[in-house]
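Right, one structure below, let's go through it.
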Amino acid sequence: MPERRCILTHQSAPTDGMVRLVLDPEGTLVPDVAAKLPGRGVWITADGPLVRAEQNNGRLIKAASRSFKTALKRDAVREDLVDTMIRLLTKRCLDRLGLEQKAGNLVTGFDKIKAALAKKGTGKPALLLAATDGAADGRQKIKSAVGADVSLVEIFDREQLSLALGRENVVHVLLMESGGADKLKADVGRLVGLSAKD
């Protein structure tokens with residue numbers, strides 16, 4: 001995993017825990033969550049409270065100005081920067097879930113997940129998703145069935161999971177190991193960091 005230096009913390013870290021920012025033609029900083037937009041970019045740690053604090057105290061705009069070697073206006077950083085990153089990463093994660101379903105790399109539903117775990121040759125579990133509006137006892141049961149070594153993520157609600165997978169009432173999703181699962185885990189990790197409360 002390549003590393004980049006965060007302009008806020010001044011520490012180098014793997015890019016799977018960071019978000020790239022680029023300047024649009026109007027001189028506004030925009031998130032590049034896929035790290036594919038053209039031009040020079042800067043990197044920030046995917047930490048919502050940190051980014052908001054550095055944005056509010058003016059350090060983000062100063063750090064970006066230094067990195068881009070140009071004097072950026074204060075309104076070059078939109079007030080909803082963190083919310084925009086969250087929205088873009090949420091869409092990216094849910095789109096990836098749809099792709100993993102098409103590739104046959106995930107299982108939905110409590111009973112189907114338990115059956116898949118008992119079946120040989122199914123694959124190794126990589127990530128467990130539970131709807132935020134699902135029952136707490138259901139989360140505990142599915143986590144117990146999957147095992148403590150598989151991360152449980154509760155960041156999407158039932159409607160988001162259902163729409164992403166084209167099914168009704170999706171509460172539990174088990175993702176099996178794959179290249180796509182690694183990408184999803186990284187994006188989910190960034191989303192969790194950005195969604196953290198102060």
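If you're wondering about the labels, chains in the structure tokens are A, B, ... by order shown, residues count from 1 in each chain, ligands from 1 in order shown.
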
ask   = Got a sec: who's within 12 Å of range 132-142 of chain A, counting only C-alpha atoms, leaving out chain neighbours fewer than 6 positions off, as a list in words?
value =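 The residues satisfying every condition are Thr108, Gly109, Phe110, Asp111, Lys112, Ile113, Lys114, Ala115, Leu117, Ala148, Val150, Ser151, Leu152, Val153, Glu154, Ile155, Phe156, Asp157, Arg158, Glu159, Gln160, Leu161, Asn169, Val170, Val171, His172, Val173 and Leu174 of chain A.
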
All residues 7 Å or closer to Val82 in chain A, only C-alpha atoms, same chain fewer than 3 positions away omitted, as a list in words =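 What passes the distance filter is Gly48, Met85, Ile86 and Leu194 of chain A.
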
Selection: 8 Å around range 35-45 of chain A, only C-alpha atoms, excl. self and same-chain fewer than 4 positions, as a VMD selection string = chain A and resid 4 to 9 17 to 23 51 64 67 to 68

Filtering to N, CA, C and O atoms, could you give me those residues as a PDB file, in the first residue's frame?
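And here is the file that came out, part39.pdb:
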```
ATOM      1  N   ARG A   4       1.337   8.281   1.873  1.00  0.00           N
ATOM      2  CA  ARG A   4       1.374   9.709   1.577  1.00  0.00           C
ATOM      3  C   ARG A   4       1.449  10.470   2.896  1.00  0.00           C
ATOM      4  O   ARG A   4       1.098   9.949   3.952  1.00  0.00           O
ATOM      5  N   ARG A   5       1.852  11.724   2.810  1.00  0.00           N
ATOM      6  CA  ARG A   5       1.972  12.553   4.009  1.00  0.00           C
ATOM      7  C   ARG A   5       0.720  13.397   4.160  1.00  0.00           C
ATOM      8  O   ARG A   5       0.318  14.109   3.241  1.00  0.00           O
ATOM      9  N   CYS A   6       0.104  13.316   5.322  1.00  0.00           N
ATOM     10  CA  CYS A   6      -1.089  14.112   5.615  1.00  0.00           C
ATOM     11  C   CYS A   6      -0.666  15.566   5.833  1.00  0.00           C
ATOM     12  O   CYS A   6       0.242  15.834   6.627  1.00  0.00           O
ATOM     13  N   ILE A   7      -1.327  16.501   5.156  1.00  0.00           N
ATOM     14  CA  ILE A   7      -0.955  17.912   5.298  1.00  0.00           C
ATOM     15  C   ILE A   7      -1.405  18.486   6.643  1.00  0.00           C
ATOM     16  O   ILE A   7      -0.983  19.578   7.017  1.00  0.00           O
ATOM     17  N   LEU A   8      -2.245  17.749   7.371  1.00  0.00           N
ATOM     18  CA  LEU A   8      -2.725  18.224   8.673  1.00  0.00           C
ATOM     19  C   LEU A   8      -1.892  17.688   9.830  1.00  0.00           C
ATOM     20  O   LEU A   8      -1.545  18.418  10.751  1.00  0.00           O
ATOM     21  N   THR A   9      -1.590  16.391   9.791  1.00  0.00           N
ATOM     22  CA  THR A   9      -0.827  15.777  10.887  1.00  0.00           C
ATOM     23  C   THR A   9       0.672  15.750  10.609  1.00  0.00           C
ATOM     24  O   THR A   9       1.457  15.501  11.512  1.00  0.00           O
ATOM     25  N   GLY A  17      -6.164   4.887   4.363  1.00  0.00           N
ATOM     26  CA  GLY A  17      -6.758   5.575   5.504  1.00  0.00           C
ATOM     27  C   GLY A  17      -6.789   7.086   5.312  1.00  0.00           C
ATOM     28  O   GLY A  17      -6.946   7.832   6.271  1.00  0.00           O
ATOM     29  N   MET A  18      -6.658   7.511   4.044  1.00  0.00           N
ATOM     30  CA  MET A  18      -6.593   8.936   3.753  1.00  0.00           C
ATOM     31  C   MET A  18      -7.527   9.296   2.598  1.00  0.00           C
ATOM     32  O   MET A  18      -8.048   8.416   1.921  1.00  0.00           O
ATOM     33  N   VAL A  19      -7.733  10.594   2.405  1.00  0.00           N
ATOM     34  CA  VAL A  19      -8.530  11.086   1.278  1.00  0.00           C
ATOM     35  C   VAL A  19      -7.702  12.121   0.531  1.00  0.00           C
ATOM     36  O   VAL A  19      -7.075  12.996   1.145  1.00  0.00           O
ATOM     37  N   ARG A  20      -7.711  12.012  -0.787  1.00  0.00           N
ATOM     38  CA  ARG A  20      -6.992  12.969  -1.633  1.00  0.00           C
ATOM     39  C   ARG A  20      -7.902  14.156  -1.930  1.00  0.00           C
ATOM     40  O   ARG A  20      -9.100  13.996  -2.156  1.00  0.00           O
ATOM     41  N   LEU A  21      -7.321  15.352  -1.920  1.00  0.00           N
ATOM     42  CA  LEU A  21      -8.038  16.565  -2.294  1.00  0.00           C
ATOM     43  C   LEU A  21      -7.330  17.191  -3.493  1.00  0.00           C
ATOM     44  O   LEU A  21      -6.100  17.199  -3.554  1.00  0.00           O
ATOM     45  N   VAL A  22      -8.116  17.708  -4.435  1.00  0.00           N
ATOM     46  CA  VAL A  22      -7.556  18.393  -5.595  1.00  0.00           C
ATOM     47  C   VAL A  22      -8.245  19.746  -5.743  1.00  0.00           C
ATOM     48  O   VAL A  22      -9.314  19.983  -5.168  1.00  0.00           O
ATOM     49  N   LEU A  23      -7.635  20.622  -6.521  1.00  0.00           N
ATOM     50  CA  LEU A  23      -8.236  21.923  -6.805  1.00  0.00           C
ATOM     51  C   LEU A  23      -9.033  21.838  -8.098  1.00  0.00           C
ATOM     52  O   LEU A  23      -8.524  21.368  -9.119  1.00  0.00           O
ATOM     53  N   VAL A  51     -10.503  16.871  10.655  1.00  0.00           N
ATOM     54  CA  VAL A  51     -10.671  17.722   9.475  1.00  0.00           C
ATOM     55  C   VAL A  51     -11.566  18.915   9.804  1.00  0.00           C
ATOM     56  O   VAL A  51     -11.258  20.055   9.430  1.00  0.00           O
ATOM     57  N   ALA A  64      -3.111  23.591   2.858  1.00  0.00           N
ATOM     58  CA  ALA A  64      -3.346  23.357   1.430  1.00  0.00           C
ATOM     59  C   ALA A  64      -2.636  24.426   0.595  1.00  0.00           C
ATOM     60  O   ALA A  64      -2.055  24.113  -0.452  1.00  0.00           O
ATOM     61  N   SER A  67       0.982  23.518   0.399  1.00  0.00           N
ATOM     62  CA  SER A  67       1.214  22.338  -0.441  1.00  0.00           C
ATOM     63  C   SER A  67       1.030  22.639  -1.927  1.00  0.00           C
ATOM     64  O   SER A  67       1.773  22.134  -2.764  1.00  0.00           O
ATOM     65  N   PHE A  68       0.026  23.444  -2.253  1.00  0.00           N
ATOM     66  CA  PHE A  68      -0.210  23.795  -3.653  1.00  0.00           C
ATOM     67  C   PHE A  68       0.641  24.988  -4.103  1.00  0.00           C
ATOM     68  O   PHE A  68       0.621  25.368  -5.260  1.00  0.00           O
TER      69      PHE A  68
END
```

key: alpha helix (DSSP H) positions in range 2-179 of chain A, given as a ChimeraX atom specification   = /A:48-56,59-68,81-102,110-118,136-146,158-165,179

note = Of A:Asn56, A:Thr15, A:Asn105, A:Ser65, the one nearest to Thr28 in chain A when counting only C-alpha atoms is A:Ser65

ask   = Where does DSSP see strand (DSSP E or B) in range 43-192 of chain A, if you list the residues as a count of residues only?
value = 20

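For the set A:Leu175, A:Val107, A:Gly98, A:Arg92, the residue with the smallest atom-to-atom gap to Lys124 in chain A is A:Leu175, counting only C-alpha atoms.
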
d(CA of Pro14 in chain A, CA of Gly104 in chain A) in Å =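 Taking CA of Pro14 in chain A and CA of Gly104 in chain A, their separation equals 28.7 Å.
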